[in-house]
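This is input-v6.csv. It holds CSV, C-alpha atoms.
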```csv
chain,number,residue,atom,x,y,z
A,1,MET,CA,-19.6,-16.0,134.7
A,2,SER,CA,-18.9,-19.0,132.6
A,3,GLY,CA,-15.5,-20.6,133.0
A,4,ALA,CA,-14.9,-20.5,129.2
A,5,LEU,CA,-15.8,-16.9,129.0
A,6,ASP,CA,-13.6,-16.0,131.9
A,7,GLU,CA,-10.6,-17.9,130.5
A,8,ILE,CA,-11.0,-16.3,127.0
A,9,LEU,CA,-11.2,-12.8,128.4
A,10,SER,CA,-8.1,-13.3,130.6
A,11,ALA,CA,-6.2,-14.7,127.6
A,12,ASN,CA,-7.4,-11.8,125.5
A,13,LYS,CA,-6.2,-9.2,128.0
A,14,ALA,CA,-2.8,-10.8,128.0
A,15,TYR,CA,-2.8,-10.7,124.2
A,16,ALA,CA,-3.8,-7.1,124.1
A,17,ASP,CA,-1.2,-6.2,126.7
A,18,ASN,CA,1.5,-7.3,124.2
A,19,PHE,CA,-0.3,-6.1,121.0
A,20,GLY,CA,2.8,-4.2,119.8
A,21,ASP,CA,2.2,-2.4,116.5
A,22,LYS,CA,-0.4,-4.7,115.2
A,23,GLY,CA,-3.0,-1.9,115.6
A,24,ASN,CA,-1.6,-0.4,112.5
A,25,LEU,CA,-2.2,-3.3,110.2
A,26,PRO,CA,-4.2,-2.4,107.1
A,27,MET,CA,-7.4,-4.2,106.2
A,28,PRO,CA,-6.2,-6.0,103.0
A,29,PRO,CA,-4.3,-9.3,103.6
A,30,GLY,CA,-0.6,-8.5,103.4
A,31,ARG,CA,0.3,-11.8,101.8
A,32,ARG,CA,-2.7,-11.7,99.4
A,33,ILE,CA,-3.8,-15.2,100.4
A,34,ALA,CA,-7.2,-16.6,101.3
A,35,ILE,CA,-7.5,-20.0,102.9
A,36,LEU,CA,-10.8,-22.1,103.1
A,37,THR,CA,-10.6,-24.8,105.7
A,38,CYS,CA,-12.6,-26.8,108.3
A,39,MET,CA,-13.8,-25.6,111.7
A,40,ASP,CA,-12.1,-28.6,113.3
A,41,ALA,CA,-10.6,-27.7,116.7
A,42,ARG,CA,-7.3,-29.5,115.9
A,43,LEU,CA,-6.5,-27.1,113.0
A,44,ASP,CA,-4.8,-23.8,114.0
A,45,VAL,CA,-4.3,-22.2,110.6
A,46,GLY,CA,-2.0,-19.4,111.8
A,47,ARG,CA,0.3,-21.9,113.4
A,48,PHE,CA,0.3,-24.8,110.8
A,49,ALA,CA,0.7,-22.4,107.8
A,50,GLY,CA,3.0,-19.9,109.5
A,51,LEU,CA,0.7,-16.9,109.3
A,52,LYS,CA,0.9,-13.7,111.3
A,53,GLU,CA,-1.9,-11.3,112.0
A,54,GLY,CA,-2.6,-9.3,108.8
A,55,ASP,CA,-1.3,-12.0,106.4
A,56,ALA,CA,-4.3,-13.9,105.0
A,57,HIS,CA,-8.1,-14.3,105.0
A,58,VAL,CA,-9.2,-17.4,106.7
A,59,ILE,CA,-12.7,-18.9,105.9
A,60,ARG,CA,-13.8,-21.9,108.0
A,61,ASN,CA,-16.9,-24.0,108.1
A,62,ALA,CA,-17.8,-27.6,108.8
A,63,GLY,CA,-15.7,-29.6,106.4
A,64,GLY,CA,-14.0,-26.6,104.7
A,65,ARG,CA,-16.6,-26.9,102.0
A,66,ALA,CA,-17.1,-24.5,99.0
A,67,SER,CA,-20.6,-23.6,100.2
A,68,ASP,CA,-22.4,-20.6,98.8
A,69,ASP,CA,-21.3,-18.7,101.9
A,70,ALA,CA,-17.6,-19.6,101.4
A,71,ILE,CA,-17.9,-18.5,97.8
A,72,ARG,CA,-19.5,-15.2,99.0
A,73,SER,CA,-16.5,-14.7,101.3
A,74,LEU,CA,-14.0,-15.6,98.5
A,75,ILE,CA,-15.6,-13.1,96.1
A,76,ILE,CA,-15.3,-10.3,98.7
A,77,SER,CA,-11.7,-11.4,99.4
A,78,TYR,CA,-10.7,-11.0,95.8
A,79,LYS,CA,-12.9,-8.3,94.5
A,80,LEU,CA,-12.5,-5.8,97.4
A,81,LEU,CA,-9.5,-6.9,99.3
A,82,GLY,CA,-7.1,-8.2,96.6
A,83,THR,CA,-6.2,-11.7,97.5
A,84,GLN,CA,-4.3,-13.4,94.6
A,85,GLU,CA,-4.0,-17.1,95.7
A,86,TRP,CA,-6.5,-19.4,97.3
A,87,PHE,CA,-6.0,-22.6,99.3
A,88,VAL,CA,-8.7,-25.2,100.0
A,89,ILE,CA,-7.6,-27.4,102.9
A,90,HIS,CA,-9.6,-30.4,104.1
A,91,HIS,CA,-8.1,-32.8,106.7
A,92,SER,CA,-7.9,-36.4,107.8
A,93,ASP,CA,-10.2,-37.8,110.5
A,94,CYS,CA,-12.9,-35.2,109.6
A,95,GLY,CA,-16.2,-35.4,111.4
A,96,MET,CA,-17.9,-34.8,108.1
A,97,GLU,CA,-16.9,-38.4,107.1
A,98,THR,CA,-18.8,-39.9,110.0
A,99,PHE,CA,-22.4,-39.2,108.9
A,100,THR,CA,-24.7,-38.7,106.0
A,101,ASN,CA,-27.6,-36.2,105.5
A,102,ASP,CA,-30.1,-39.0,106.3
A,103,ILE,CA,-28.3,-39.9,109.5
A,104,MET,CA,-28.2,-36.3,110.7
A,105,HIS,CA,-31.8,-35.7,109.7
A,106,GLY,CA,-32.8,-38.8,111.8
A,107,LEU,CA,-30.7,-37.7,114.8
A,108,LEU,CA,-32.2,-34.2,114.8
A,109,LEU,CA,-35.7,-35.7,114.5
A,110,GLN,CA,-35.0,-37.6,117.8
A,111,SER,CA,-33.7,-34.7,119.8
A,112,LEU,CA,-31.6,-31.6,119.7
A,113,GLU,CA,-29.1,-32.9,122.3
A,114,THR,CA,-25.6,-34.1,121.5
A,115,ALA,CA,-25.4,-37.6,120.1
A,116,LYS,CA,-22.7,-40.2,120.7
A,117,LEU,CA,-20.5,-42.1,118.2
A,118,GLU,CA,-20.6,-45.7,119.4
A,119,GLU,CA,-18.6,-48.2,117.4
A,120,GLY,CA,-18.8,-46.0,114.3
A,121,LYS,CA,-22.5,-45.4,114.6
A,122,TRP,CA,-24.2,-42.2,115.8
A,123,VAL,CA,-26.7,-42.9,118.7
A,124,ASP,CA,-29.0,-40.3,120.0
A,125,THR,CA,-28.9,-40.1,123.8
A,126,GLY,CA,-30.9,-36.9,124.1
A,127,LYS,CA,-34.1,-36.2,125.9
A,128,GLY,CA,-36.8,-33.9,124.9
A,129,THR,CA,-38.2,-33.4,121.4
A,130,GLY,CA,-36.4,-33.2,118.1
A,131,SER,CA,-37.2,-31.2,115.1
A,132,ARG,CA,-38.2,-31.8,111.5
A,133,ALA,CA,-36.2,-28.7,110.4
A,134,GLY,CA,-33.1,-30.8,109.8
A,135,GLN,CA,-34.5,-32.1,106.5
A,136,PHE,CA,-34.1,-28.6,104.9
A,137,ILE,CA,-30.4,-28.5,105.5
A,138,ASN,CA,-27.7,-30.1,103.2
A,139,PHE,CA,-24.9,-30.8,105.7
A,140,LEU,CA,-22.3,-31.2,102.9
A,141,THR,CA,-20.9,-34.4,104.3
A,142,ILE,CA,-17.7,-36.0,102.9
A,143,GLN,CA,-17.2,-39.5,101.7
A,144,ASN,CA,-13.6,-39.2,100.4
A,145,GLN,CA,-11.2,-36.3,101.2
A,146,VAL,CA,-9.4,-36.2,97.8
A,147,GLN,CA,-12.7,-36.1,96.0
A,148,SER,CA,-14.2,-33.4,98.3
A,149,VAL,CA,-11.1,-31.2,97.8
A,150,CYS,CA,-11.4,-31.7,94.0
A,151,ASP,CA,-15.2,-31.1,94.1
A,152,ASP,CA,-14.7,-27.9,96.1
A,153,VAL,CA,-11.9,-26.5,93.9
A,154,GLU,CA,-13.9,-27.3,90.8
A,155,ARG,CA,-17.0,-25.5,92.2
A,156,ILE,CA,-15.0,-22.4,93.1
A,157,ARG,CA,-13.2,-22.5,89.7
A,158,ASN,CA,-16.4,-22.7,87.7
A,159,HIS,CA,-18.2,-19.9,89.6
A,160,PRO,CA,-19.1,-17.0,87.3
A,161,LEU,CA,-17.7,-14.4,89.7
A,162,VAL,CA,-14.3,-16.1,90.2
A,163,PRO,CA,-11.5,-14.7,88.1
A,164,ARG,CA,-10.4,-17.2,85.5
A,165,ASP,CA,-6.7,-17.4,86.3
A,166,ILE,CA,-6.5,-17.2,90.1
A,167,PRO,CA,-4.4,-20.1,91.5
A,168,ILE,CA,-6.5,-22.5,93.7
A,169,TYR,CA,-4.4,-25.1,95.6
A,170,GLY,CA,-5.9,-28.2,97.2
A,171,PHE,CA,-4.5,-29.8,100.3
A,172,ILE,CA,-5.4,-32.4,103.0
A,173,TYR,CA,-4.0,-31.6,106.4
A,174,ASP,CA,-3.0,-34.7,108.4
A,175,VAL,CA,-4.1,-34.3,112.0
A,176,LYS,CA,-1.7,-37.1,113.1
A,177,THR,CA,1.4,-35.4,111.7
A,178,GLY,CA,0.5,-31.7,111.3
A,179,LEU,CA,1.6,-31.9,107.6
A,180,LEU,CA,-0.2,-30.4,104.6
A,181,ASN,CA,-0.4,-32.9,101.7
A,182,GLU,CA,-1.0,-31.5,98.3
A,183,VAL,CA,-3.9,-32.8,96.2
A,184,ALA,CA,-2.1,-32.2,92.9
A,185,GLN,CA,-5.1,-33.1,90.7
A,186,ALA,CA,-7.2,-30.4,92.5
A,187,ASN,CA,-4.6,-27.7,91.6
A,188,GLU,CA,-4.9,-28.6,87.9
A,189,ILE,CA,-8.7,-28.3,87.8
A,190,GLY,CA,-9.6,-25.6,85.2
A,191,LYS,CA,-6.1,-24.1,85.4
A,192,ALA,CA,-5.4,-21.6,82.6
A,193,LYS,CA,-3.0,-23.1,80.1
B,1,MET,CA,6.2,-22.8,92.4
B,2,SER,CA,4.4,-19.8,93.8
B,3,GLY,CA,6.1,-17.8,96.5
B,4,ALA,CA,3.1,-18.0,98.8
B,5,LEU,CA,2.8,-21.8,98.3
B,6,ASP,CA,6.5,-22.3,99.0
B,7,GLU,CA,6.5,-20.2,102.2
B,8,ILE,CA,3.4,-22.0,103.5
B,9,LEU,CA,4.9,-25.4,102.9
B,10,SER,CA,8.2,-24.4,104.5
B,11,ALA,CA,6.4,-23.0,107.6
B,12,ASN,CA,4.2,-26.2,107.7
B,13,LYS,CA,7.2,-28.5,107.7
B,14,ALA,CA,8.7,-26.6,110.6
B,15,TYR,CA,5.4,-26.9,112.4
B,16,ALA,CA,5.1,-30.6,111.8
B,17,ASP,CA,8.7,-31.1,112.9
B,18,ASN,CA,7.7,-29.8,116.3
B,19,PHE,CA,4.2,-31.4,116.4
B,20,GLY,CA,4.8,-33.1,119.8
B,21,ASP,CA,1.8,-35.1,121.0
B,22,LYS,CA,-0.8,-33.1,119.1
B,23,GLY,CA,-1.4,-36.1,116.8
B,24,ASN,CA,-3.3,-37.7,119.7
B,25,LEU,CA,-6.0,-35.0,120.1
B,26,PRO,CA,-9.5,-36.2,119.8
B,27,MET,CA,-12.0,-34.8,117.3
B,28,PRO,CA,-14.4,-33.1,119.8
B,29,PRO,CA,-13.3,-29.7,121.0
B,30,GLY,CA,-11.7,-30.1,124.4
B,31,ARG,CA,-13.0,-26.8,125.8
B,32,ARG,CA,-16.4,-27.4,124.2
B,33,ILE,CA,-16.4,-23.9,122.6
B,34,ALA,CA,-17.4,-22.8,119.1
B,35,ILE,CA,-16.5,-19.3,117.8
B,36,LEU,CA,-18.1,-17.6,114.8
B,37,THR,CA,-16.0,-14.7,113.5
B,38,CYS,CA,-14.8,-12.8,110.5
B,39,MET,CA,-12.3,-14.0,107.9
B,40,ASP,CA,-10.4,-10.7,108.4
B,41,ALA,CA,-6.6,-11.2,108.2
B,42,ARG,CA,-5.9,-9.2,111.3
B,43,LEU,CA,-7.9,-11.7,113.5
B,44,ASP,CA,-5.9,-14.6,114.8
B,45,VAL,CA,-8.5,-16.4,116.9
B,46,GLY,CA,-6.1,-18.9,118.5
B,47,ARG,CA,-3.8,-16.0,119.7
B,48,PHE,CA,-6.4,-13.4,120.7
B,49,ALA,CA,-8.6,-15.9,122.6
B,50,GLY,CA,-5.8,-18.0,124.0
B,51,LEU,CA,-6.8,-21.3,122.2
B,52,LYS,CA,-4.5,-24.3,121.7
B,53,GLU,CA,-5.0,-27.0,119.0
B,54,GLY,CA,-7.9,-29.1,120.0
B,55,ASP,CA,-9.7,-26.5,122.1
B,56,ALA,CA,-12.5,-25.0,120.0
B,57,HIS,CA,-14.4,-25.0,116.7
B,58,VAL,CA,-13.7,-21.9,114.7
B,59,ILE,CA,-16.1,-20.8,112.0
B,60,ARG,CA,-15.2,-17.9,109.8
B,61,ASN,CA,-16.7,-16.0,106.9
B,62,ALA,CA,-16.9,-12.5,105.5
B,63,GLY,CA,-18.2,-10.5,108.5
B,64,GLY,CA,-18.6,-13.4,110.9
B,65,ARG,CA,-22.2,-13.5,110.0
B,66,ALA,CA,-24.8,-16.1,111.1
B,67,SER,CA,-25.3,-17.3,107.5
B,68,ASP,CA,-27.2,-20.5,106.7
B,69,ASP,CA,-23.7,-22.1,106.4
B,70,ALA,CA,-22.5,-20.9,109.7
B,71,ILE,CA,-25.7,-22.3,111.3
B,72,ARG,CA,-25.1,-25.6,109.5
B,73,SER,CA,-21.6,-25.7,111.1
B,74,LEU,CA,-22.9,-24.7,114.6
B,75,ILE,CA,-25.5,-27.5,114.5
B,76,ILE,CA,-22.9,-30.0,113.6
B,77,SER,CA,-20.7,-28.5,116.4
B,78,TYR,CA,-23.3,-29.0,119.0
B,79,LYS,CA,-25.3,-32.1,117.9
B,80,LEU,CA,-22.3,-34.3,117.0
B,81,LEU,CA,-19.3,-32.8,118.7
B,82,GLY,CA,-20.7,-31.5,121.9
B,83,THR,CA,-19.8,-27.8,122.1
B,84,GLN,CA,-21.6,-26.1,125.0
B,85,GLU,CA,-20.9,-22.4,124.6
B,86,TRP,CA,-20.9,-20.2,121.4
B,87,PHE,CA,-19.2,-16.9,120.7
B,88,VAL,CA,-20.2,-14.5,117.9
B,89,ILE,CA,-17.3,-12.1,117.3
B,90,HIS,CA,-17.4,-9.2,114.8
B,91,HIS,CA,-14.7,-6.5,114.7
B,92,SER,CA,-14.0,-2.8,114.2
B,93,ASP,CA,-12.9,-1.5,110.8
B,94,CYS,CA,-14.6,-4.4,109.1
B,95,GLY,CA,-14.6,-4.5,105.3
B,96,MET,CA,-18.3,-5.4,105.4
B,97,GLU,CA,-19.1,-1.8,106.5
B,98,THR,CA,-17.6,-0.3,103.4
B,99,PHE,CA,-20.2,-1.4,100.8
B,100,THR,CA,-23.8,-2.4,100.2
B,101,ASN,CA,-25.3,-5.1,98.0
B,102,ASP,CA,-26.0,-2.5,95.4
B,103,ILE,CA,-22.4,-1.3,95.3
B,104,MET,CA,-21.0,-4.8,95.1
B,105,HIS,CA,-23.5,-5.9,92.4
B,106,GLY,CA,-22.5,-2.8,90.4
B,107,LEU,CA,-18.7,-3.4,90.8
B,108,LEU,CA,-19.1,-7.0,89.7
B,109,LEU,CA,-21.1,-5.9,86.7
B,110,GLN,CA,-18.1,-3.8,85.6
B,111,SER,CA,-15.4,-6.4,86.0
B,112,LEU,CA,-14.2,-9.3,88.1
B,113,GLU,CA,-10.9,-7.6,88.9
B,114,THR,CA,-10.0,-6.1,92.3
B,115,ALA,CA,-11.6,-2.7,92.9
B,116,LYS,CA,-10.0,0.2,94.9
B,117,LEU,CA,-11.3,2.1,97.8
B,118,GLU,CA,-10.7,5.8,97.0
B,119,GLU,CA,-11.8,8.4,99.6
B,120,GLY,CA,-14.4,6.0,101.0
B,121,LYS,CA,-15.8,5.1,97.6
B,122,TRP,CA,-15.2,1.8,95.8
B,123,VAL,CA,-13.9,2.4,92.2
B,124,ASP,CA,-13.6,-0.4,89.7
B,125,THR,CA,-10.2,-0.4,88.0
B,126,GLY,CA,-10.6,-3.7,86.3
B,127,LYS,CA,-10.4,-4.6,82.7
B,128,GLY,CA,-12.4,-7.2,80.9
B,129,THR,CA,-16.0,-8.1,81.3
B,130,GLY,CA,-18.0,-8.3,84.5
B,131,SER,CA,-20.9,-10.5,85.4
B,132,ARG,CA,-24.6,-10.2,86.2
B,133,ALA,CA,-24.3,-13.1,88.6
B,134,GLY,CA,-23.6,-10.8,91.5
B,135,GLN,CA,-27.2,-9.9,91.8
B,136,PHE,CA,-28.1,-13.3,93.1
B,137,ILE,CA,-25.8,-13.1,96.1
B,138,ASN,CA,-26.7,-11.4,99.4
B,139,PHE,CA,-23.3,-10.2,100.6
B,140,LEU,CA,-24.5,-9.8,104.2
B,141,THR,CA,-22.9,-6.4,104.6
B,142,ILE,CA,-22.9,-4.5,108.0
B,143,GLN,CA,-24.0,-1.0,108.8
B,144,ASN,CA,-23.5,-1.1,112.6
B,145,GLN,CA,-21.4,-3.6,114.4
B,146,VAL,CA,-23.4,-3.8,117.7
B,147,GLN,CA,-26.6,-4.3,115.6
B,148,SER,CA,-25.0,-7.0,113.4
B,149,VAL,CA,-23.8,-8.9,116.5
B,150,CYS,CA,-27.3,-8.7,118.0
B,151,ASP,CA,-28.9,-9.7,114.7
B,152,ASP,CA,-26.6,-12.7,114.4
B,153,VAL,CA,-27.1,-13.9,118.0
B,154,GLU,CA,-30.8,-13.5,117.6
B,155,ARG,CA,-30.9,-15.5,114.3
B,156,ILE,CA,-28.9,-18.3,115.9
B,157,ARG,CA,-31.0,-18.3,119.1
B,158,ASN,CA,-34.2,-18.5,117.1
B,159,HIS,CA,-33.1,-21.3,114.8
B,160,PRO,CA,-35.3,-24.4,115.4
B,161,LEU,CA,-32.3,-26.7,115.5
B,162,VAL,CA,-30.4,-24.7,118.2
B,163,PRO,CA,-30.9,-26.0,121.7
B,164,ARG,CA,-32.9,-23.5,123.8
B,165,ASP,CA,-30.4,-22.9,126.6
B,166,ILE,CA,-26.9,-22.8,125.0
B,167,PRO,CA,-25.1,-19.6,126.0
B,168,ILE,CA,-24.3,-17.4,123.0
B,169,TYR,CA,-22.0,-14.5,123.7
B,170,GLY,CA,-21.6,-11.4,121.5
B,171,PHE,CA,-18.3,-9.5,121.1
B,172,ILE,CA,-16.7,-6.9,119.0
B,173,TYR,CA,-12.9,-7.3,118.6
B,174,ASP,CA,-11.0,-4.0,118.4
B,175,VAL,CA,-8.4,-4.3,115.7
B,176,LYS,CA,-6.6,-1.2,117.1
B,177,THR,CA,-6.1,-2.7,120.6
B,178,GLY,CA,-6.6,-6.5,120.3
B,179,LEU,CA,-9.3,-6.3,122.9
B,180,LEU,CA,-12.6,-8.2,122.9
B,181,ASN,CA,-15.5,-5.9,123.9
B,182,GLU,CA,-18.6,-7.6,125.1
B,183,VAL,CA,-22.0,-6.7,123.5
B,184,ALA,CA,-24.0,-7.3,126.6
B,185,GLN,CA,-27.4,-6.9,125.0
B,186,ALA,CA,-26.5,-9.6,122.5
B,187,ASN,CA,-25.8,-12.1,125.3
B,188,GLU,CA,-29.3,-11.5,126.8
B,189,ILE,CA,-31.2,-12.2,123.5
B,190,GLY,CA,-33.5,-15.1,124.1
B,191,LYS,CA,-31.6,-16.2,127.2
B,192,ALA,CA,-33.4,-18.8,129.3
B,193,LYS,CA,-34.7,-17.2,132.5
```

Please lay out the structure from this file as structure tokens.
Amino acid sequence: MSGALDEILSANKAYADNFGDKGNLPMPPGRRIAILTCMDARLDVGRFAGLKEGDAHVIRNAGGRASDDAIRSLIISYKLLGTQEWFVIHHSDCGMETFTNDIMHGLLLQSLETAKLEEGKWVDTGKGTGSRAGQFINFLTIQNQVQSVCDDVERIRNHPLVPRDIPIYGFIYDVKTGLLNEVAQANEIGKAK
Amino acid sequence: MSGALDEILSANKAYADNFGDKGNLPMPPGRRIAILTCMDARLDVGRFAGLKEGDAHVIRNAGGRASDDAIRSLIISYKLLGTQEWFVIHHSDCGMETFTNDIMHGLLLQSLETAKLEEGKWVDTGKGTGSRAGQFINFLTIQNQVQSVCDDVERIRNHPLVPRDIPIYGFIYDVKTGLLNEVAQANEIGKAK
């Protein structure tokens, strides 16, 4: 058995042993919130936003981007499960700022193995063959965090299946301090007057 | 200021006040794990899997499905940030089991407002106009959790940009007990012999 698998199952048993009355929580988020954020390992949304089980939908992908799939999830969150406020949270020191589509396509062409970031430049150290399939993927990289938060709020706001007046807040989480910093201009995008 | 926004910012300040040395965590996940799971509010991955900040990538969407966007995130997780084991975790009582694409397309056609589940049937209670845009979205609904975990592991396993031998474990999280139950047949899909 893998070490990681063993550790997760042990931790999960301890969690379930102290599950309390959480088994009675209903499906719709109690605080009617949905949060879209990055998959980054340093972000624990429950802890940094003070959420308990049952409080909020949490959607996460590389960058916390408003991809088609994130929008699919947000539509389900609102239309079927009644969330009323949405948060888009990107963060400082994001991996998505370290590369471009061209760089990633090139790395994947060389090998599928894990590359290394050396002096700010990705270097492929892998063996074996790469793949040309990378060129078909837009990796949704980020050049500027404020801009990416605004772009994502704007894309969600303008989607034909998003209700006109739902509040959408933009934030950048600082991985050095743990603080959420509001991107005020994002919150204003398309806001009902 | 919205109540939800105020509460999150207060909780966040308390978190940052006790941030300790977490500001020094590196970008790559320390335990080299990536977890793909559902956005469901009842799932707190950090707590139910015993993860600390910095341990693991967490990718979440409606259903925890292996969408194109989840695969984009997993490729970045492995190729640039060195994760070595992946977990696909669906869960009992998932909202994705309560509707089909046809049902959702029909509800969105009626209105954009939140529908109600009455005696197992979604009923649109919204006012205003709906949209025909729903028909262009595949909502990736689920009929059977074991099958959806297997389908998703298989899709990831067969992707041309996924390394041949990375372990991919399949689980169903039980929202009544907090326990992770392994879908053993998923783990075997495409496993290197």

May I have the residues within 12 Å of Leu81 of chain B as a ChimeraX atom specification, using all atoms listed in the file and disregarding those fewer than 2 positions away in the same chain?
-> /A:39-41,62,94-96,98,113-117,122 /B:26-34,55-57,73-79,83-84

Residues of chain A within 7 Å of chain B: nearest atom pair and distance (Å, one decimal) for each, counting only C-alpha atoms, sorted by chain and number, as JSON lines?
```
{"residue": "A:Ile8", "atom": "CA", "partner": "B:Ala49", "partner_atom": "CA", "distance": 5.0}
{"residue": "A:Ala11", "atom": "CA", "partner": "B:Gly50", "partner_atom": "CA", "distance": 4.9}
{"residue": "A:Asn12", "atom": "CA", "partner": "B:Phe48", "partner_atom": "CA", "distance": 5.2}
{"residue": "A:Lys13", "atom": "CA", "partner": "B:Leu179", "partner_atom": "CA", "distance": 6.6}
{"residue": "A:Tyr15", "atom": "CA", "partner": "B:Phe48", "partner_atom": "CA", "distance": 5.7}
{"residue": "A:Ala16", "atom": "CA", "partner": "B:Gly178", "partner_atom": "CA", "distance": 4.8}
{"residue": "A:Phe19", "atom": "CA", "partner": "B:Gly178", "partner_atom": "CA", "distance": 6.4}
{"residue": "A:Gly23", "atom": "CA", "partner": "B:Lys176", "partner_atom": "CA", "distance": 4.0}
{"residue": "A:Asn24", "atom": "CA", "partner": "B:Lys176", "partner_atom": "CA", "distance": 6.8}
{"residue": "A:Pro29", "atom": "CA", "partner": "B:Ala41", "partner_atom": "CA", "distance": 5.5}
{"residue": "A:Met39", "atom": "CA", "partner": "B:Val58", "partner_atom": "CA", "distance": 4.8}
{"residue": "A:Asp40", "atom": "CA", "partner": "B:His57", "partner_atom": "CA", "distance": 5.5}
{"residue": "A:Ala41", "atom": "CA", "partner": "B:Gly54", "partner_atom": "CA", "distance": 4.5}
{"residue": "A:Arg42", "atom": "CA", "partner": "B:Gly54", "partner_atom": "CA", "distance": 4.2}
{"residue": "A:Leu43", "atom": "CA", "partner": "B:Glu53", "partner_atom": "CA", "distance": 6.2}
{"residue": "A:Asp44", "atom": "CA", "partner": "B:Glu53", "partner_atom": "CA", "distance": 5.9}
{"residue": "A:Gly46", "atom": "CA", "partner": "B:Asp44", "partner_atom": "CA", "distance": 6.9}
{"residue": "A:Phe48", "atom": "CA", "partner": "B:Asn12", "partner_atom": "CA", "distance": 5.2}
{"residue": "A:Ala49", "atom": "CA", "partner": "B:Ile8", "partner_atom": "CA", "distance": 5.1}
{"residue": "A:Gly50", "atom": "CA", "partner": "B:Ala11", "partner_atom": "CA", "distance": 5.0}
{"residue": "A:Glu53", "atom": "CA", "partner": "B:Arg42", "partner_atom": "CA", "distance": 4.6}
{"residue": "A:Gly54", "atom": "CA", "partner": "B:Arg42", "partner_atom": "CA", "distance": 4.1}
{"residue": "A:Asp55", "atom": "CA", "partner": "B:Ala41", "partner_atom": "CA", "distance": 5.7}
{"residue": "A:Ala56", "atom": "CA", "partner": "B:Ala41", "partner_atom": "CA", "distance": 4.8}
{"residue": "A:His57", "atom": "CA", "partner": "B:Ala41", "partner_atom": "CA", "distance": 4.7}
{"residue": "A:Val58", "atom": "CA", "partner": "B:Met39", "partner_atom": "CA", "distance": 4.8}
{"residue": "A:Ile59", "atom": "CA", "partner": "B:Arg60", "partner_atom": "CA", "distance": 4.7}
{"residue": "A:Arg60", "atom": "CA", "partner": "B:Arg60", "partner_atom": "CA", "distance": 4.6}
{"residue": "A:Asn61", "atom": "CA", "partner": "B:Ile59", "partner_atom": "CA", "distance": 5.1}
{"residue": "A:Ala62", "atom": "CA", "partner": "B:Ser73", "partner_atom": "CA", "distance": 4.8}
{"residue": "A:Asp69", "atom": "CA", "partner": "B:Asp69", "partner_atom": "CA", "distance": 6.1}
{"residue": "A:Ala70", "atom": "CA", "partner": "B:Asn61", "partner_atom": "CA", "distance": 6.6}
{"residue": "A:Arg72", "atom": "CA", "partner": "B:Phe139", "partner_atom": "CA", "distance": 6.5}
{"residue": "A:Ser73", "atom": "CA", "partner": "B:Ala62", "partner_atom": "CA", "distance": 4.8}
{"residue": "A:Tyr78", "atom": "CA", "partner": "B:Thr114", "partner_atom": "CA", "distance": 6.1}
{"residue": "A:Lys79", "atom": "CA", "partner": "B:Thr114", "partner_atom": "CA", "distance": 4.3}
{"residue": "A:Leu80", "atom": "CA", "partner": "B:Ala115", "partner_atom": "CA", "distance": 5.5}
{"residue": "A:Gly82", "atom": "CA", "partner": "B:Thr114", "partner_atom": "CA", "distance": 5.6}
{"residue": "A:Leu112", "atom": "CA", "partner": "B:Pro163", "partner_atom": "CA", "distance": 6.0}
{"residue": "A:Glu113", "atom": "CA", "partner": "B:Lys79", "partner_atom": "CA", "distance": 5.9}
{"residue": "A:Thr114", "atom": "CA", "partner": "B:Lys79", "partner_atom": "CA", "distance": 4.1}
{"residue": "A:Ala115", "atom": "CA", "partner": "B:Leu80", "partner_atom": "CA", "distance": 5.5}
{"residue": "A:Lys116", "atom": "CA", "partner": "B:Leu80", "partner_atom": "CA", "distance": 7.0}
{"residue": "A:Ser131", "atom": "CA", "partner": "B:Leu161", "partner_atom": "CA", "distance": 6.7}
{"residue": "A:Ala133", "atom": "CA", "partner": "B:Pro160", "partner_atom": "CA", "distance": 6.7}
{"residue": "A:Phe139", "atom": "CA", "partner": "B:Arg72", "partner_atom": "CA", "distance": 6.4}
{"residue": "A:Pro160", "atom": "CA", "partner": "B:Ala133", "partner_atom": "CA", "distance": 6.6}
{"residue": "A:Leu161", "atom": "CA", "partner": "B:Leu112", "partner_atom": "CA", "distance": 6.4}
{"residue": "A:Pro163", "atom": "CA", "partner": "B:Leu112", "partner_atom": "CA", "distance": 6.0}
{"residue": "A:Val175", "atom": "CA", "partner": "B:Gly23", "partner_atom": "CA", "distance": 5.8}
{"residue": "A:Lys176", "atom": "CA", "partner": "B:Gly23", "partner_atom": "CA", "distance": 3.8}
{"residue": "A:Thr177", "atom": "CA", "partner": "B:Gly23", "partner_atom": "CA", "distance": 5.9}
{"residue": "A:Gly178", "atom": "CA", "partner": "B:Ala16", "partner_atom": "CA", "distance": 4.8}
{"residue": "A:Leu179", "atom": "CA", "partner": "B:Ala16", "partner_atom": "CA", "distance": 5.6}
{"residue": "A:Leu180", "atom": "CA", "partner": "B:Asn12", "partner_atom": "CA", "distance": 6.8}
```

Mind giving me the axis-aligned box for segment 98-115 of chain B with 4 Å on every side, centre plus edges in Å to one decimal, as AutoDock Vina command-line options?
```
--center_x -18.0 --center_y -4.8 --center_z 94.5 --size_x 24.0 --size_y 17.0 --size_z 25.8
```

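Atom CA of Ala66 of chain A sits 26.6 Å away from atom CA of Ile172 of chain B.
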
Suppose you want the space between atom CA of Asp165 of chain B and atom CA of Gln143 of chain B; what is it in Å?
-> 28.9 Å
